[in-house]
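Data first, discussion second: the structure below is written as structure tokens.
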There are 2 protein chains.
Amino acid sequence: MTKYSKQTRILVAVDCIIFGFDGDSLKLLIIQRGFEPEKNKWSLMGGFVEPSEKPENSAARVLKQLTGLENVYMEQMEVFGEPKRDPLERTVSIAYYALIDIHKYKDQLSKEYRAEWVPLKEIPKLIFDHNSMVDHAKKKLRYKAALHPILFELLPEKFTIPQILTLYEGVYDIVLDKRNFSRKLLSTGLLMRQKDKDKENSKKGAFYYKLNKEIYKDKISSFLNFIPNP
Amino acid sequence: MTKYSKQTRILVAVDCIIFGFDGDSLKLLIIQRGFEPEKNKWSLMGGFVEPSEKPENSAARVLKQLTGLENVYMEQMEVFGEPKRDPLERTVSIAYYALIDIHKYKDQLSKEYRAEWVPLKEIPKLIFDHNSMVDHAKKKLRYKAALHPILFELLPEKFTIPQILTLYEGVYDIVLDKRNFSRKLLSTGLLMRQKDKDKENSKKGAFYYKLNKEIYKDKISSFLNFIPNP
DNA sequence: AAAATAAATGTTATTTTGACACGAATAATA
DNA sequence: TATTATTCGTGTCAAAATAACATTTATTTT
């Protein structure tokens, strides 16, 4: 069997930008790199694509390694391919962003990787071009979430409207009119009101809602325009 | 210098989905592959990423090899990384789509590559997973063009409103109301009416327009909603 | 001069948006 | 027990955007 004998083979990696929301601010799960080069520096979670593995599986694999979670919402973002981005050896990296319910995160795993949830606004200097990846991920998340109801992936199964509002305000760094926002949200038919209330955050309590999965599947790729002039 | 010694290196390639519009239908520029495996089969234009080249430059390089054109609108689409997608040797391919003014490349069709413009609806079986790449490109083009004025990249410098209408109708395979469409289009401020008319397609003639590049640059990334419920 | 053709423009009802304010429920406090 | 404080949930209205629809205009051909 002839191969493409004259061509150069390159290391291929994946890096994950992992978003979480704790009810207050949007956060990223980052780690402290355990090996050279750049040992002990802050970094995104990543890994090399293995011989018989497709890249999306590599991404899912490293995400599971770190968090223990499977079937996570994950989207391919962009390839970072600057020849010198990794000074040790050329590596083409495929960036993925993931949205996880921060409460499902099992933090016993965080010791091995020395992982931490860090507010998006306080992300330190990361290795290589990882800060640039974070910027792109934030932009892409904003873009996509303005049109599609993906931010629910960051919330627990039961959530309240004030929580969603806070989430959107956090993602876009804006203040939204709660009346207009909840009108639009409810008009999508995505939400099913529950009988019980969350009494943690107010005296009156806020009704819990769950996602209507059927409608969610339908609407995940239709345009909803959640954000005015994004 | 230590390298990542235990990791596997992989061939990395780019493939280009090249769109053109001849006034009638949306077309793709495809070639007949000149080497084994799959010699003489229809294929997208592509090539391997070279040692010191970033992938977007590889894409621009192969596009120029084929068409002679530079500074073409091009966007990274998605990585195709199935381990067996190329049966000869594992190759991870980064797909790019390009929008070109077909008039700039139709008379000098490359004999070397045996290139042809083929209507999107008549694309034959292509090698590997290239048909899947085409499907994804079409979807992405529809998505993006519904929100951003990128289809102008397919038109010559001077164009008429009926031409744009035909283009949008071709891309989405729908019939649009020309009154509403042109009202929306003109309200963007993107178009500058010229003094002269195109008399090819009607007795009355249709005014030529040019893009207002300033406004174009501003609006290229803002949401315009050209297509109702895309 | 009349007919034919495609371009350009106008009207209106409906829907969606954005700006804005108040009553309801409940826990804490007096 | 009554009052206060707090957040939730909903309602109104004017303005803007949309979608559906028809007529006039410029020009060539007959």
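Every chain in the structure tokens takes a letter, A first, then B, and so on in the order presented; its residues are numbered from 1, and the ligands are numbered from 1 following the presented order.
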Near Leu147 in chain A, within 9 Å and counting only C-alpha atoms (C1' of nucleotides), which residues show up once chain neighbours fewer than 4 positions away are dropped, as a PyMOL selection string?
chain A and resi 142-143+220-227
Please tabulate, as a tab-separated table, the residues of chain A that come within 9 Å of chain B, each with its closest pair of atoms and the distance in Å to one decimal, counting only C-alpha atoms and ordering rows by chain, then residue number upward.
residue	atom	partner	partner_atom	distance
A:Met1	CA	B:Leu88	CA	7.3
A:Thr2	CA	B:Leu88	CA	7.2
A:Lys3	CA	B:Leu88	CA	6.1
A:Tyr4	CA	B:Glu89	CA	7.4
A:Gln7	CA	B:Phe48	CA	7.2
A:Thr8	CA	B:Pro51	CA	6.4
A:Arg9	CA	B:Leu11	CA	4.5
A:Ile10	CA	B:Arg9	CA	4.7
A:Leu11	CA	B:Arg9	CA	4.5
A:Val12	CA	B:Ile10	CA	6.7
A:Glu36	CA	B:Thr2	CA	8.8
A:Pro37	CA	B:Thr2	CA	8.8
A:Phe48	CA	B:Gln7	CA	7.2
A:Val49	CA	B:Thr8	CA	8.0
A:Glu50	CA	B:Thr8	CA	6.7
A:Pro51	CA	B:Thr8	CA	6.4
A:Ser52	CA	B:Pro83	CA	5.5
A:Glu53	CA	B:Pro83	CA	6.3
A:Lys54	CA	B:Glu82	CA	5.0
A:Pro55	CA	B:Gly81	CA	6.0
A:Glu56	CA	B:Gly81	CA	8.2
A:Gln76	CA	B:Glu78	CA	7.4
A:Met77	CA	B:Glu78	CA	8.0
A:Glu78	CA	B:Glu78	CA	7.3
A:Val79	CA	B:Val79	CA	7.8
A:Phe80	CA	B:Pro55	CA	8.4
A:Gly81	CA	B:Lys54	CA	5.3
A:Glu82	CA	B:Lys54	CA	5.0
A:Pro83	CA	B:Ser52	CA	5.5
A:Lys84	CA	B:Ser52	CA	8.3
A:Leu88	CA	B:Lys3	CA	6.1
A:Glu89	CA	B:Lys3	CA	6.4
A:Arg90	CA	B:Pro51	CA	8.3
A:Val92	CA	B:Val12	CA	8.5
A:Ile94	CA	B:Val79	CA	7.9
A:Ser222	CA	B:Pro230	CA	7.2
A:Phe223	CA	B:Asn229	CA	7.1
A:Asn229	CA	B:Phe223	CA	7.3
A:Pro230	CA	B:Ser222	CA	7.4
Length of the CA of Pro149 in chain A to CA of Arg193 in chain A vector [Å]
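Going from CA of Pro149 in chain A over to CA of Arg193 in chain A covers 17.0 Å.
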Excluding same-chain residues fewer than 2 positions from DA21 in chain C, what lies within 10 Å of it counting only C-alpha atoms (C1' of nucleotides), as number ranges by chain?
C: 23; D: 11-12
Could you give me, as a tab-separated table, a per-residue list for chain C showing, wherever an atom lies at most 12 Å from an atom of chain B, the closest pair of atoms and their distance in Å to one decimal, using only C-alpha atoms (C1' of nucleotides) and sorting by chain then residue number from low to high?
residue	atom	partner	partner_atom	distance
C:DA4	C1'	B:Lys203	CA	9.8
C:DT5	C1'	B:Lys203	CA	6.7
C:DA6	C1'	B:Ser202	CA	5.5
C:DA7	C1'	B:Ala206	CA	6.2
C:DA8	C1'	B:Arg179	CA	8.9
C:DT9	C1'	B:Arg179	CA	8.2
C:DG10	C1'	B:Arg179	CA	9.8
Those of range 124-210 of chain B in DSSP alpha helix (DSSP H), formatted as number ranges by chain
B: 130-147, 161-172, 178-187
Return chain A as a CSV table (one decimal) with C-alpha atoms, in the first residue's frame, after superposing it on chain B by a least-squares fit that covers all C-alpha atoms paired in order.
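The file below, result-v2.csv, is the result:
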chain,number,residue,atom,x,y,z
A,1,MET,CA,15.0,19.7,23.2
A,2,THR,CA,12.5,17.1,24.3
A,3,LYS,CA,9.6,16.4,22.1
A,4,TYR,CA,6.3,14.8,22.7
A,5,SER,CA,8.0,11.5,21.9
A,6,LYS,CA,5.2,9.1,22.5
A,7,GLN,CA,2.5,10.8,20.4
A,8,THR,CA,1.3,10.0,17.0
A,9,ARG,CA,1.7,12.5,14.2
A,10,ILE,CA,-1.1,12.7,11.6
A,11,LEU,CA,-1.4,14.0,8.1
A,12,VAL,CA,-3.3,17.3,8.1
A,13,ALA,CA,-5.0,18.5,5.0
A,14,VAL,CA,-7.3,21.3,3.9
A,15,ASP,CA,-10.3,20.9,1.5
A,16,CYS,CA,-12.1,23.8,-0.2
A,17,ILE,CA,-15.8,24.1,-1.0
A,18,ILE,CA,-15.7,26.8,-3.6
A,19,PHE,CA,-19.0,28.5,-4.3
A,20,GLY,CA,-19.8,30.5,-7.4
A,21,PHE,CA,-23.0,32.1,-8.9
A,22,ASP,CA,-23.5,32.6,-12.6
A,23,GLY,CA,-26.7,34.5,-12.4
A,24,ASP,CA,-28.7,31.4,-12.6
A,25,SER,CA,-27.7,28.8,-10.1
A,26,LEU,CA,-25.3,28.2,-7.3
A,27,LYS,CA,-22.3,26.2,-8.3
A,28,LEU,CA,-19.3,24.5,-6.9
A,29,LEU,CA,-15.9,24.3,-8.4
A,30,ILE,CA,-14.8,20.6,-8.3
A,31,ILE,CA,-11.9,18.8,-9.8
A,32,GLN,CA,-11.0,15.4,-11.1
A,33,ARG,CA,-8.3,14.0,-8.8
A,34,GLY,CA,-5.0,13.5,-10.6
A,35,PHE,CA,-3.3,10.9,-8.4
A,36,GLU,CA,-4.0,7.7,-6.6
A,37,PRO,CA,-6.0,6.7,-4.6
A,38,GLU,CA,-9.2,7.5,-6.3
A,39,LYS,CA,-7.5,8.9,-9.4
A,40,ASN,CA,-9.9,10.5,-11.9
A,41,LYS,CA,-12.7,10.6,-9.4
A,42,TRP,CA,-14.5,13.9,-8.7
A,43,SER,CA,-13.2,15.6,-5.7
A,44,LEU,CA,-13.0,18.9,-3.8
A,45,MET,CA,-9.8,20.9,-4.3
A,46,GLY,CA,-7.4,20.3,-1.4
A,47,GLY,CA,-3.9,19.7,-0.3
A,48,PHE,CA,-1.7,18.9,2.7
A,49,VAL,CA,-0.7,21.4,5.3
A,50,GLU,CA,3.0,22.0,4.9
A,51,PRO,CA,5.5,22.1,7.7
A,52,SER,CA,5.7,25.8,8.3
A,53,GLU,CA,2.3,26.8,7.0
A,54,LYS,CA,-0.8,27.7,9.0
A,55,PRO,CA,-3.9,25.9,7.7
A,56,GLU,CA,-5.6,29.0,6.5
A,57,ASN,CA,-2.6,29.7,4.3
A,58,SER,CA,-2.8,26.2,3.0
A,59,ALA,CA,-6.3,26.8,2.0
A,60,ALA,CA,-5.5,30.1,0.4
A,61,ARG,CA,-2.6,28.4,-1.4
A,62,VAL,CA,-4.6,25.6,-2.9
A,63,LEU,CA,-7.4,28.0,-3.9
A,64,LYS,CA,-4.9,30.1,-5.7
A,65,GLN,CA,-3.4,27.1,-7.4
A,66,LEU,CA,-6.7,26.3,-8.8
A,67,THR,CA,-8.2,29.6,-9.6
A,68,GLY,CA,-5.4,32.1,-9.7
A,69,LEU,CA,-7.3,34.3,-7.2
A,70,GLU,CA,-6.1,35.8,-4.0
A,71,ASN,CA,-7.8,37.7,-1.1
A,72,VAL,CA,-10.9,35.5,-1.5
A,73,TYR,CA,-13.6,35.4,1.1
A,74,MET,CA,-12.9,32.2,2.9
A,75,GLU,CA,-14.1,30.7,6.2
A,76,GLN,CA,-13.0,27.8,8.2
A,77,MET,CA,-15.9,25.4,8.5
A,78,GLU,CA,-15.2,22.3,10.4
A,79,VAL,CA,-12.7,19.5,10.9
A,80,PHE,CA,-13.3,16.1,9.4
A,81,GLY,CA,-11.4,13.6,11.4
A,82,GLU,CA,-12.8,10.2,11.0
A,83,PRO,CA,-9.8,7.9,11.3
A,84,LYS,CA,-10.7,6.0,8.1
A,85,ARG,CA,-11.9,8.8,6.0
A,86,ASP,CA,-8.9,8.4,3.7
A,87,PRO,CA,-8.4,4.7,3.2
A,88,LEU,CA,-4.7,5.1,2.3
A,89,GLU,CA,-3.6,6.9,5.4
A,90,ARG,CA,-5.2,8.7,8.2
A,91,THR,CA,-5.7,12.4,7.3
A,92,VAL,CA,-7.4,15.0,9.4
A,93,SER,CA,-9.0,17.5,7.0
A,94,ILE,CA,-9.9,21.1,7.8
A,95,ALA,CA,-12.7,22.2,5.5
A,96,TYR,CA,-13.0,25.8,4.3
A,97,TYR,CA,-15.6,27.3,2.1
A,98,ALA,CA,-14.9,30.1,-0.3
A,99,LEU,CA,-17.1,32.5,-2.1
A,100,ILE,CA,-15.8,33.8,-5.4
A,101,ASP,CA,-17.0,35.9,-8.2
A,102,ILE,CA,-17.3,33.3,-10.8
A,103,HIS,CA,-16.5,35.8,-13.5
A,104,LYS,CA,-13.0,36.3,-12.1
A,105,TYR,CA,-12.2,32.7,-12.4
A,106,LYS,CA,-9.5,32.0,-15.0
A,107,ASP,CA,-10.4,28.8,-16.6
A,108,GLN,CA,-7.1,28.2,-18.3
A,109,LEU,CA,-6.1,26.6,-15.0
A,110,SER,CA,-8.9,24.2,-15.1
A,111,LYS,CA,-7.2,21.9,-17.5
A,112,GLU,CA,-4.4,20.9,-15.1
A,113,TYR,CA,-6.9,19.9,-12.5
A,114,ARG,CA,-9.8,19.2,-14.8
A,115,ALA,CA,-11.9,21.5,-12.9
A,116,GLU,CA,-15.6,22.3,-13.5
A,117,TRP,CA,-18.3,24.4,-12.2
A,118,VAL,CA,-21.2,22.1,-11.3
A,119,PRO,CA,-24.6,23.2,-10.1
A,120,LEU,CA,-24.9,22.4,-6.4
A,121,LYS,CA,-27.9,20.3,-7.2
A,122,GLU,CA,-26.0,18.1,-9.6
A,123,ILE,CA,-22.9,17.4,-7.6
A,124,PRO,CA,-21.8,13.8,-8.4
A,125,LYS,CA,-20.4,11.3,-6.0
A,126,LEU,CA,-17.2,12.8,-4.7
A,127,ILE,CA,-14.3,10.9,-3.0
A,128,PHE,CA,-14.0,10.2,0.7
A,129,ASP,CA,-16.3,12.3,2.8
A,130,HIS,CA,-16.4,15.2,0.4
A,131,ASN,CA,-20.1,15.0,-0.2
A,132,SER,CA,-20.7,15.3,3.4
A,133,MET,CA,-18.4,18.4,3.4
A,134,VAL,CA,-20.5,19.9,0.7
A,135,ASP,CA,-23.7,19.3,2.7
A,136,HIS,CA,-22.2,21.0,5.7
A,137,ALA,CA,-20.9,23.9,3.6
A,138,LYS,CA,-24.3,24.4,2.1
A,139,LYS,CA,-25.9,24.4,5.5
A,140,LYS,CA,-23.3,26.8,6.9
A,141,LEU,CA,-23.6,29.1,4.0
A,142,ARG,CA,-27.4,29.2,4.5
A,143,TYR,CA,-27.0,29.9,8.1
A,144,LYS,CA,-24.5,32.6,7.8
A,145,ALA,CA,-26.1,34.3,4.8
A,146,ALA,CA,-29.4,34.5,6.6
A,147,LEU,CA,-27.7,36.9,9.1
A,148,HIS,CA,-24.8,38.5,7.3
A,149,PRO,CA,-24.5,40.1,3.9
A,150,ILE,CA,-21.9,37.6,2.7
A,151,LEU,CA,-23.5,36.6,-0.6
A,152,PHE,CA,-22.3,39.8,-2.2
A,153,GLU,CA,-18.9,38.0,-2.3
A,154,LEU,CA,-20.4,35.9,-5.1
A,155,LEU,CA,-21.5,38.9,-7.2
A,156,PRO,CA,-19.4,41.1,-9.5
A,157,GLU,CA,-18.6,44.6,-8.5
A,158,LYS,CA,-21.7,45.9,-10.2
A,159,PHE,CA,-25.0,44.0,-9.8
A,160,THR,CA,-28.7,44.5,-9.9
A,161,ILE,CA,-31.4,43.9,-7.3
A,162,PRO,CA,-33.1,41.2,-9.4
A,163,GLN,CA,-29.7,39.4,-9.5
A,164,ILE,CA,-29.4,39.5,-5.7
A,165,LEU,CA,-32.9,38.2,-5.4
A,166,THR,CA,-32.2,35.3,-7.7
A,167,LEU,CA,-29.1,34.6,-5.7
A,168,TYR,CA,-30.9,34.4,-2.4
A,169,GLU,CA,-33.6,32.3,-3.9
A,170,GLY,CA,-31.0,30.0,-5.3
A,171,VAL,CA,-29.2,29.6,-2.0
A,172,TYR,CA,-32.3,28.9,0.0
A,173,ASP,CA,-34.4,27.2,-2.7
A,174,ILE,CA,-37.3,29.4,-1.9
A,175,VAL,CA,-39.3,32.2,-3.6
A,176,LEU,CA,-39.0,35.5,-1.9
A,177,ASP,CA,-41.4,38.5,-2.2
A,178,LYS,CA,-39.4,41.0,-4.2
A,179,ARG,CA,-41.0,44.0,-2.7
A,180,ASN,CA,-40.3,43.0,0.9
A,181,PHE,CA,-36.8,41.8,0.0
A,182,SER,CA,-35.7,44.9,-1.7
A,183,ARG,CA,-37.2,47.1,1.0
A,184,LYS,CA,-35.1,45.2,3.6
A,185,LEU,CA,-32.0,45.2,1.5
A,186,LEU,CA,-32.1,48.9,0.7
A,187,SER,CA,-32.9,49.8,4.3
A,188,THR,CA,-29.5,48.4,5.3
A,189,GLY,CA,-27.7,51.2,3.5
A,190,LEU,CA,-25.4,48.7,2.0
A,191,LEU,CA,-26.2,49.5,-1.6
A,192,MET,CA,-25.2,52.5,-3.7
A,193,ARG,CA,-27.2,53.0,-6.8
A,194,GLN,CA,-25.3,53.7,-10.0
A,195,LYS,CA,-26.3,55.8,-12.9
A,196,ASP,CA,-26.4,53.0,-15.5
A,197,LYS,CA,-28.6,50.0,-16.0
A,198,ASP,CA,-28.2,46.4,-16.9
A,199,LYS,CA,-30.2,46.0,-20.1
A,200,GLU,CA,-29.4,42.4,-20.6
A,201,ASN,CA,-32.2,40.9,-18.7
A,202,SER,CA,-35.1,43.2,-19.4
A,203,LYS,CA,-36.5,45.8,-21.6
A,204,LYS,CA,-36.8,48.4,-18.9
A,205,GLY,CA,-33.4,47.6,-17.5
A,206,ALA,CA,-32.4,47.3,-13.9
A,207,PHE,CA,-30.2,49.8,-12.1
A,208,TYR,CA,-26.7,48.7,-11.2
A,209,TYR,CA,-25.7,48.9,-7.6
A,210,LYS,CA,-22.3,48.7,-5.8
A,211,LEU,CA,-21.6,47.8,-2.3
A,212,ASN,CA,-20.9,50.5,0.2
A,213,LYS,CA,-17.7,49.0,1.5
A,214,GLU,CA,-17.7,51.1,4.7
A,215,ILE,CA,-21.1,50.0,5.7
A,216,TYR,CA,-20.3,46.5,4.5
A,217,LYS,CA,-17.4,46.2,6.9
A,218,ASP,CA,-19.6,47.4,9.7
A,219,LYS,CA,-22.5,45.2,9.0
A,220,ILE,CA,-20.7,42.1,8.0
A,221,SER,CA,-20.9,40.8,11.5
A,222,SER,CA,-24.2,42.3,12.7
A,223,PHE,CA,-27.5,40.5,12.4
A,224,LEU,CA,-29.7,41.4,9.5
A,225,ASN,CA,-32.2,38.7,9.2
A,226,PHE,CA,-32.5,38.5,5.4
A,227,ILE,CA,-34.4,35.4,5.4
A,228,PRO,CA,-37.8,34.8,7.1
A,229,ASN,CA,-37.6,31.8,9.5
A,230,PRO,CA,-34.4,30.3,8.1
Which one is closest to chain B: D:DA14, D:DC21, D:DC8, D:DA26? Count only C-alpha atoms (C1' of nucleotides).
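The shortest atom-to-atom distance to chain B comes from D:DA26.
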At a cut-off of 10 Å, list the chain D residues touching chain B, using only C-alpha atoms (C1' of nucleotides), as a list in words.
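Residues of chain D within 10 Å of chain B, counting only C-alpha atoms (C1' of nucleotides): DA17, DT18, DA19, DA20, DC21, DT25, DA26, DT27, DT28 and DT29 of chain D.
Shortest atom-to-atom contact with DT26 in chain C among D:DT7, D:DT24, D:DC13, D:DA2: D:DT7, counting only C-alpha atoms (C1' of nucleotides).
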Run DSSP on the backbone and give me the residues of range 50-118 of chain A it puts in strand (DSSP E or B), as a count of residues only.
20
